[in-house]
file entry_18.txt (compact mmCIF, N, CA and C atoms)
# COMPACT_ATOMS: atom_id res chain seq x y z
N MET H 1 90.42 -12.27 22.28
CA MET H 1 90.73 -10.86 22.28
C MET H 1 92.04 -10.63 23.02
N LYS H 2 92.81 -9.67 22.53
CA LYS H 2 94.05 -9.35 23.24
C LYS H 2 93.77 -8.41 24.41
N SER H 3 94.78 -8.17 25.19
CA SER H 3 94.65 -7.37 26.39
C SER H 3 94.35 -5.90 26.08
N ILE H 4 93.48 -5.30 26.88
CA ILE H 4 93.26 -3.86 26.78
C ILE H 4 94.15 -3.12 27.78
N LEU H 5 94.91 -3.87 28.58
CA LEU H 5 95.81 -3.25 29.55
C LEU H 5 97.25 -3.17 29.05
N GLN H 6 97.62 -4.03 28.10
CA GLN H 6 99.00 -4.10 27.65
C GLN H 6 99.08 -4.24 26.14
N ASN H 7 100.10 -3.61 25.58
CA ASN H 7 100.42 -3.80 24.16
C ASN H 7 101.67 -4.65 24.00
N GLU H 8 102.51 -4.67 25.03
CA GLU H 8 103.76 -5.40 24.97
C GLU H 8 103.68 -6.67 25.80
N LYS H 9 104.40 -7.68 25.36
CA LYS H 9 104.44 -8.94 26.10
C LYS H 9 105.55 -8.85 27.15
N LYS H 10 105.16 -8.31 28.31
CA LYS H 10 106.06 -8.22 29.45
C LYS H 10 105.22 -8.28 30.72
N CYS H 11 105.84 -8.65 31.82
CA CYS H 11 105.11 -8.78 33.07
C CYS H 11 104.49 -7.43 33.45
N TYR H 12 103.20 -7.44 33.71
CA TYR H 12 102.48 -6.22 34.06
C TYR H 12 103.02 -5.60 35.35
N ILE H 13 103.54 -6.42 36.24
CA ILE H 13 104.00 -5.93 37.54
C ILE H 13 105.50 -5.64 37.53
N SER H 14 106.30 -6.56 37.05
CA SER H 14 107.76 -6.39 37.15
C SER H 14 108.40 -5.83 35.88
N GLY H 15 107.73 -5.97 34.75
CA GLY H 15 108.31 -5.53 33.49
C GLY H 15 109.25 -6.55 32.85
N ARG H 16 109.46 -7.68 33.51
CA ARG H 16 110.33 -8.72 32.94
C ARG H 16 109.69 -9.36 31.72
N THR H 17 110.53 -9.94 30.87
CA THR H 17 110.02 -10.56 29.64
C THR H 17 110.27 -12.06 29.59
N ASP H 18 110.77 -12.64 30.67
CA ASP H 18 111.01 -14.08 30.70
C ASP H 18 109.96 -14.77 31.58
N CYS H 19 109.75 -16.04 31.34
CA CYS H 19 108.85 -16.88 32.16
C CYS H 19 107.44 -16.30 32.24
N LEU H 20 106.91 -15.83 31.12
CA LEU H 20 105.60 -15.17 31.12
C LEU H 20 104.45 -16.16 30.99
N GLU H 21 103.36 -15.83 31.68
CA GLU H 21 102.12 -16.59 31.62
C GLU H 21 100.97 -15.61 31.50
N GLU H 22 99.95 -15.98 30.74
CA GLU H 22 98.78 -15.13 30.60
C GLU H 22 97.88 -15.28 31.82
N HIS H 23 97.44 -14.16 32.37
CA HIS H 23 96.57 -14.17 33.55
C HIS H 23 95.27 -13.45 33.23
N HIS H 24 94.15 -14.14 33.41
CA HIS H 24 92.83 -13.53 33.29
C HIS H 24 92.54 -12.84 34.62
N ILE H 25 92.37 -11.54 34.59
CA ILE H 25 92.24 -10.76 35.82
C ILE H 25 91.06 -11.21 36.65
N PHE H 26 89.96 -11.49 36.01
CA PHE H 26 88.77 -11.98 36.71
C PHE H 26 88.58 -13.42 36.30
N GLY H 27 88.87 -14.32 37.20
CA GLY H 27 88.85 -15.74 36.88
C GLY H 27 87.56 -16.41 37.30
N ALA H 28 87.65 -17.71 37.45
CA ALA H 28 86.51 -18.56 37.83
C ALA H 28 85.34 -18.32 36.90
N SER H 29 84.19 -17.96 37.45
CA SER H 29 83.00 -17.79 36.61
C SER H 29 83.11 -16.58 35.68
N ASN H 30 84.06 -15.69 35.93
CA ASN H 30 84.23 -14.51 35.07
C ASN H 30 85.39 -14.63 34.08
N ARG H 31 85.99 -15.80 33.99
CA ARG H 31 87.11 -16.00 33.07
C ARG H 31 86.71 -15.67 31.63
N LYS H 32 85.55 -16.15 31.21
CA LYS H 32 85.09 -15.88 29.84
C LYS H 32 84.84 -14.39 29.63
N ASN H 33 84.33 -13.71 30.66
CA ASN H 33 84.12 -12.26 30.56
C ASN H 33 85.47 -11.54 30.46
N SER H 34 86.47 -12.00 31.21
CA SER H 34 87.80 -11.41 31.10
C SER H 34 88.33 -11.56 29.68
N GLU H 35 88.18 -12.73 29.13
CA GLU H 35 88.63 -12.99 27.75
C GLU H 35 87.88 -12.10 26.77
N ARG H 36 86.58 -12.05 26.90
CA ARG H 36 85.73 -11.29 25.97
C ARG H 36 86.06 -9.79 25.98
N HIS H 37 86.41 -9.26 27.14
CA HIS H 37 86.64 -7.83 27.27
C HIS H 37 88.12 -7.44 27.34
N GLY H 38 89.01 -8.41 27.12
CA GLY H 38 90.44 -8.11 27.08
C GLY H 38 91.05 -7.82 28.44
N LEU H 39 90.46 -8.37 29.48
CA LEU H 39 90.97 -8.12 30.83
C LEU H 39 91.91 -9.24 31.24
N LYS H 40 93.08 -9.19 30.64
CA LYS H 40 94.12 -10.16 30.94
C LYS H 40 95.47 -9.47 30.79
N VAL H 41 96.44 -9.98 31.51
CA VAL H 41 97.77 -9.40 31.50
C VAL H 41 98.79 -10.52 31.47
N TRP H 42 100.02 -10.17 31.09
CA TRP H 42 101.14 -11.09 31.19
C TRP H 42 101.77 -10.91 32.57
N LEU H 43 102.06 -12.03 33.21
CA LEU H 43 102.77 -12.03 34.50
C LEU H 43 103.88 -13.08 34.43
N THR H 44 104.98 -12.82 35.13
CA THR H 44 105.97 -13.88 35.29
C THR H 44 105.34 -14.96 36.17
N HIS H 45 105.90 -16.14 36.09
CA HIS H 45 105.35 -17.25 36.88
C HIS H 45 105.29 -16.89 38.37
N ASP H 46 106.32 -16.20 38.87
CA ASP H 46 106.33 -15.81 40.29
C ASP H 46 105.15 -14.92 40.64
N TRP H 47 104.84 -13.95 39.78
CA TRP H 47 103.73 -13.03 40.04
C TRP H 47 102.38 -13.65 39.69
N HIS H 48 102.38 -14.74 38.94
CA HIS H 48 101.13 -15.36 38.53
C HIS H 48 100.68 -16.45 39.50
N ASN H 49 101.51 -17.46 39.67
CA ASN H 49 101.01 -18.66 40.34
C ASN H 49 101.98 -19.26 41.36
N GLU H 50 102.71 -18.40 42.05
CA GLU H 50 103.63 -18.89 43.09
C GLU H 50 103.42 -18.08 44.37
N PRO H 51 103.37 -18.74 45.51
CA PRO H 51 103.36 -18.00 46.76
C PRO H 51 104.74 -17.36 46.95
N PRO H 52 104.91 -16.29 47.64
CA PRO H 52 103.85 -15.63 48.40
C PRO H 52 103.14 -14.52 47.64
N ASN H 53 103.68 -14.06 46.49
CA ASN H 53 103.13 -12.87 45.84
C ASN H 53 102.24 -13.13 44.64
N GLY H 54 102.19 -14.35 44.14
CA GLY H 54 101.44 -14.64 42.93
C GLY H 54 99.96 -14.29 43.06
N ALA H 55 99.39 -13.84 41.96
CA ALA H 55 97.99 -13.37 41.94
C ALA H 55 97.01 -14.45 42.40
N HIS H 56 97.35 -15.71 42.20
CA HIS H 56 96.45 -16.79 42.63
C HIS H 56 96.66 -17.18 44.09
N HIS H 57 97.60 -16.51 44.77
CA HIS H 57 97.90 -16.83 46.17
C HIS H 57 97.88 -15.62 47.08
N ASN H 58 97.86 -14.42 46.52
CA ASN H 58 98.04 -13.22 47.32
C ASN H 58 96.91 -12.23 47.05
N LYS H 59 96.11 -11.95 48.06
CA LYS H 59 94.95 -11.06 47.92
C LYS H 59 95.37 -9.65 47.49
N LYS H 60 96.47 -9.16 48.02
CA LYS H 60 96.94 -7.81 47.66
C LYS H 60 97.26 -7.73 46.16
N THR H 61 97.94 -8.72 45.64
CA THR H 61 98.26 -8.75 44.21
C THR H 61 96.99 -8.87 43.39
N ALA H 62 96.10 -9.78 43.77
CA ALA H 62 94.84 -9.97 43.04
C ALA H 62 94.00 -8.71 43.07
N ASP H 63 93.89 -8.07 44.24
CA ASP H 63 93.10 -6.84 44.34
C ASP H 63 93.68 -5.72 43.50
N PHE H 64 95.01 -5.60 43.45
CA PHE H 64 95.66 -4.61 42.60
C PHE H 64 95.25 -4.82 41.14
N LEU H 65 95.31 -6.06 40.68
CA LEU H 65 94.95 -6.36 39.30
C LEU H 65 93.46 -6.15 39.05
N HIS H 66 92.62 -6.47 40.01
CA HIS H 66 91.18 -6.21 39.88
C HIS H 66 90.90 -4.72 39.71
N ARG H 67 91.55 -3.90 40.52
CA ARG H 67 91.36 -2.44 40.41
C ARG H 67 91.85 -1.93 39.06
N GLU H 68 93.03 -2.37 38.66
CA GLU H 68 93.58 -1.96 37.36
C GLU H 68 92.64 -2.36 36.23
N GLY H 69 92.15 -3.60 36.28
CA GLY H 69 91.25 -4.09 35.24
C GLY H 69 89.97 -3.29 35.17
N GLN H 70 89.39 -3.00 36.32
CA GLN H 70 88.14 -2.23 36.33
C GLN H 70 88.35 -0.82 35.79
N LYS H 71 89.44 -0.16 36.19
CA LYS H 71 89.71 1.20 35.70
C LYS H 71 89.80 1.23 34.18
N VAL H 72 90.52 0.28 33.61
CA VAL H 72 90.69 0.27 32.16
C VAL H 72 89.39 -0.13 31.47
N PHE H 73 88.65 -1.08 32.04
CA PHE H 73 87.35 -1.45 31.48
C PHE H 73 86.46 -0.22 31.38
N GLU H 74 86.38 0.54 32.46
CA GLU H 74 85.50 1.72 32.48
C GLU H 74 85.94 2.76 31.46
N ARG H 75 87.23 2.89 31.25
CA ARG H 75 87.75 3.85 30.28
C ARG H 75 87.48 3.39 28.84
N VAL H 76 87.56 2.08 28.61
CA VAL H 76 87.48 1.55 27.24
C VAL H 76 86.07 1.09 26.87
N HIS H 77 85.38 0.42 27.78
CA HIS H 77 84.15 -0.28 27.42
C HIS H 77 82.86 0.36 27.94
N GLY H 78 82.91 1.18 28.97
CA GLY H 78 81.65 1.70 29.46
C GLY H 78 81.71 2.22 30.87
N THR H 79 80.60 2.15 31.51
CA THR H 79 80.44 2.75 32.83
C THR H 79 80.73 1.76 33.96
N ARG H 80 80.76 2.28 35.17
CA ARG H 80 80.91 1.43 36.35
C ARG H 80 79.72 0.48 36.46
N GLU H 81 78.54 0.97 36.12
CA GLU H 81 77.35 0.12 36.16
C GLU H 81 77.49 -1.05 35.17
N ASP H 82 78.04 -0.78 33.99
CA ASP H 82 78.29 -1.86 33.01
C ASP H 82 79.23 -2.89 33.61
N PHE H 83 80.31 -2.41 34.22
CA PHE H 83 81.28 -3.31 34.82
C PHE H 83 80.63 -4.17 35.90
N MET H 84 79.88 -3.54 36.78
CA MET H 84 79.26 -4.27 37.88
C MET H 84 78.20 -5.26 37.39
N ARG H 85 77.49 -4.92 36.34
CA ARG H 85 76.51 -5.83 35.77
C ARG H 85 77.19 -7.10 35.25
N ILE H 86 78.36 -6.93 34.61
CA ILE H 86 79.08 -8.06 34.02
C ILE H 86 79.86 -8.85 35.07
N PHE H 87 80.59 -8.14 35.93
CA PHE H 87 81.52 -8.80 36.85
C PHE H 87 81.00 -8.95 38.29
N GLY H 88 79.86 -8.33 38.59
CA GLY H 88 79.19 -8.59 39.85
C GLY H 88 79.58 -7.75 41.06
N ARG H 89 80.63 -6.93 40.94
CA ARG H 89 80.99 -6.08 42.07
C ARG H 89 81.91 -4.96 41.63
N ASN H 90 82.07 -4.00 42.52
CA ASN H 90 82.93 -2.85 42.30
C ASN H 90 84.22 -3.06 43.07
N TYR H 91 85.36 -2.98 42.39
CA TYR H 91 86.66 -3.17 43.04
C TYR H 91 87.35 -1.86 43.37
N LEU H 92 86.75 -0.73 42.96
CA LEU H 92 87.38 0.58 43.19
C LEU H 92 86.88 1.24 44.47

call {"tool": "encode", "arguments": {"input": "entry_18.txt", "output": "structure tokens"}}
result
Amino acid sequence: MKSILQNEKKCYISGRTDCLEEHHIFGASNRKNSERHGLKVWLTHDWHNEPPNGAHHNKKTADFLHREGQKVFERVHGTREDFMRIFGRNYL
């Protein structure tokens, strides 16, 4: 499934269009749920997987994306209870 957060292939944070990597907002055991529900965004390598700001290294960046993902999920797919049942917690 494609992203429910983006229609364009550009970094969700910076807007750049170079060095893009796909990021599943909810990873680990929820990676498949992210894929199934379109909770993924494009990030430049720096914002994805490089310290100090990359989503895989920086709690502030990861939390921002978690909140964004939950807001859009609730708008597109269902209720907060649906989100919490699938992803296990509330990020808002």

call {"tool": "residues_around", "arguments": {"input": "entry_18.txt", "residues": "Ile86 (chain H)", "least_positions_apart": "4", "cutoff": "8 Å", "atoms": "all atoms listed in the file", "output": "ChimeraX atom specification"}}
result
/H:30,33,80-82

call {"tool": "residues_around", "arguments": {"input": "entry_18.txt", "residues": "Asp46 (chain H)", "least_positions_apart": "4", "cutoff": "10 Å", "atoms": "only C-alpha atoms", "output": "number ranges by chain"}}
result
H: 19-21, 50-55

call {"tool": "closest_residue", "arguments": {"input": "entry_18.txt", "among": "H:Asn58, H:Gly38, H:His66, H:Asn7", "to": "Ile25 (chain H)", "atoms": "only C-alpha atoms"}}
result
H:His66

call {"tool": "axis_aligned_box", "arguments": {"input": "entry_18.txt", "around": "region 59-71 of chain H", "padding_each_side": "6 Å", "output": "AutoDock Vina command-line options"}}
result
--center_x 93.2 --center_y -5.4 --center_z 41.1 --size_x 22.1 --size_y 25.2 --size_z 25.9

call {"tool": "closest_residue", "arguments": {"input": "entry_18.txt", "among": "H:Ala62, H:Met1, H:Val72, H:Cys11", "to": "His37 (chain H)", "atoms": "only C-alpha atoms"}}
result
H:Met1

call {"tool": "residues_around", "arguments": {"input": "entry_18.txt", "residues": "Lys2 (chain H)", "least_positions_apart": "3", "cutoff": "10 Å", "atoms": "only C-alpha atoms", "output": "count of residues only"}}
result
10

call {"tool": "closest_residue", "arguments": {"input": "entry_18.txt", "among": "H:Arg85, H:Thr44, H:Arg75, H:Phe64", "to": "Arg16 (chain H)", "atoms": "all atoms listed in the file"}}
result
H:Thr44

call {"tool": "atom_distance", "arguments": {"input": "entry_18.txt", "atom1": "atom C of Gly78 (chain H)", "atom2": "atom N of His23 (chain H)"}}
result
22.8 Å

call {"tool": "atom_distance", "arguments": {"input": "entry_18.txt", "atom1": "CA of His45 (chain H)", "atom2": "CA of Glu68 (chain H)"}}
result
19.3 Å

call {"tool": "atom_distance", "arguments": {"input": "entry_18.txt", "atom1": "atom N of Lys71 (chain H)", "atom2": "CA of Asn49 (chain H)"}}
result
22.2 Å

call {"tool": "decode", "arguments": {"input": "entry_18.txt", "residues": "region 3-91 of chain H", "atoms": "C-alpha atoms", "output": "CSV table (one decimal), in the first residue's frame"}}
result
chain,number,residue,atom,x,y,z
H,3,SER,CA,1.4,6.2,2.0
H,4,ILE,CA,-1.7,7.8,3.4
H,5,LEU,CA,0.5,10.8,4.5
H,6,GLN,CA,2.1,11.7,1.2
H,7,ASN,CA,1.2,11.8,-2.5
H,8,GLU,CA,4.5,13.2,-3.6
H,9,LYS,CA,7.9,11.5,-3.4
H,10,LYS,CA,9.7,14.0,-1.2
H,11,CYS,CA,11.1,14.1,2.3
H,12,TYR,CA,8.2,14.4,4.7
H,13,ILE,CA,10.3,16.7,7.0
H,14,SER,CA,12.6,18.7,4.7
H,15,GLY,CA,10.8,18.6,1.4
H,16,ARG,CA,14.0,17.5,-0.5
H,17,THR,CA,13.7,15.1,-3.3
H,18,ASP,CA,17.2,13.6,-3.3
H,19,CYS,CA,18.6,10.7,-1.3
H,20,LEU,CA,15.1,9.4,-0.4
H,21,GLU,CA,14.4,6.3,1.7
H,22,GLU,CA,11.1,4.8,2.6
H,23,HIS,CA,10.4,4.9,6.4
H,24,HIS,CA,7.7,2.8,8.1
H,25,ILE,CA,6.5,5.1,10.9
H,26,PHE,CA,5.8,2.2,13.2
H,27,GLY,CA,8.6,-0.3,12.9
H,28,ALA,CA,9.7,-3.5,14.6
H,29,SER,CA,6.6,-5.6,15.4
H,30,ASN,CA,4.3,-3.0,13.8
H,31,ARG,CA,6.2,-2.7,10.5
H,32,LYS,CA,3.6,-4.9,8.8
H,33,ASN,CA,0.8,-2.9,10.3
H,34,SER,CA,2.5,0.3,9.0
H,35,GLU,CA,2.6,-1.2,5.5
H,36,ARG,CA,-0.9,-2.5,5.6
H,37,HIS,CA,-2.4,0.9,6.7
H,38,GLY,CA,-0.1,3.1,4.6
H,39,LEU,CA,1.8,4.6,7.5
H,40,LYS,CA,5.0,5.3,5.8
H,41,VAL,CA,6.8,8.4,4.5
H,42,TRP,CA,9.8,9.3,2.4
H,43,LEU,CA,12.7,10.7,4.3
H,44,THR,CA,16.2,11.8,3.2
H,45,HIS,CA,18.9,9.5,4.5
H,46,ASP,CA,19.9,12.2,7.1
H,47,TRP,CA,16.3,12.3,8.5
H,48,HIS,CA,15.9,8.5,8.2
H,49,ASN,CA,18.9,6.7,9.5
H,50,GLU,CA,21.7,9.1,10.5
H,51,PRO,CA,22.5,10.6,13.9
H,52,PRO,CA,21.7,13.1,15.3
H,53,ASN,CA,18.3,13.7,13.8
H,54,GLY,CA,17.4,10.5,11.9
H,55,ALA,CA,14.1,8.9,12.9
H,56,HIS,CA,16.0,5.7,13.9
H,57,HIS,CA,18.3,7.7,16.2
H,58,ASN,CA,16.3,10.6,17.5
H,59,LYS,CA,13.3,10.2,19.9
H,60,LYS,CA,12.0,13.7,19.0
H,61,THR,CA,11.9,12.9,15.3
H,62,ALA,CA,10.4,9.5,15.8
H,63,ASP,CA,7.7,10.9,18.2
H,64,PHE,CA,6.8,13.6,15.6
H,65,LEU,CA,6.3,10.9,13.0
H,66,HIS,CA,4.3,8.7,15.4
H,67,ARG,CA,2.0,11.6,16.2
H,68,GLU,CA,1.6,12.5,12.5
H,69,GLY,CA,0.9,8.9,11.6
H,70,GLN,CA,-1.7,8.4,14.3
H,71,LYS,CA,-3.5,11.6,13.4
H,72,VAL,CA,-3.8,10.6,9.7
H,73,PHE,CA,-4.7,7.0,10.6
H,74,GLU,CA,-7.6,8.3,12.8
H,75,ARG,CA,-8.8,10.6,10.0
H,76,VAL,CA,-8.6,7.9,7.3
H,77,HIS,CA,-9.1,4.5,8.9
H,78,GLY,CA,-11.0,4.8,12.1
H,79,THR,CA,-11.0,5.8,15.7
H,80,ARG,CA,-8.4,6.2,18.4
H,81,GLU,CA,-9.5,2.9,19.8
H,82,ASP,CA,-8.9,1.2,16.4
H,83,PHE,CA,-5.4,2.7,16.3
H,84,MET,CA,-4.6,1.6,19.9
H,85,ARG,CA,-5.9,-1.9,19.3
H,86,ILE,CA,-3.6,-2.3,16.2
H,87,PHE,CA,-0.5,-0.3,17.4
H,88,GLY,CA,-0.7,-0.8,21.1
H,89,ARG,CA,-0.5,2.8,22.4
H,90,ASN,CA,-1.7,6.3,22.0
H,91,TYR,CA,1.0,8.8,20.7
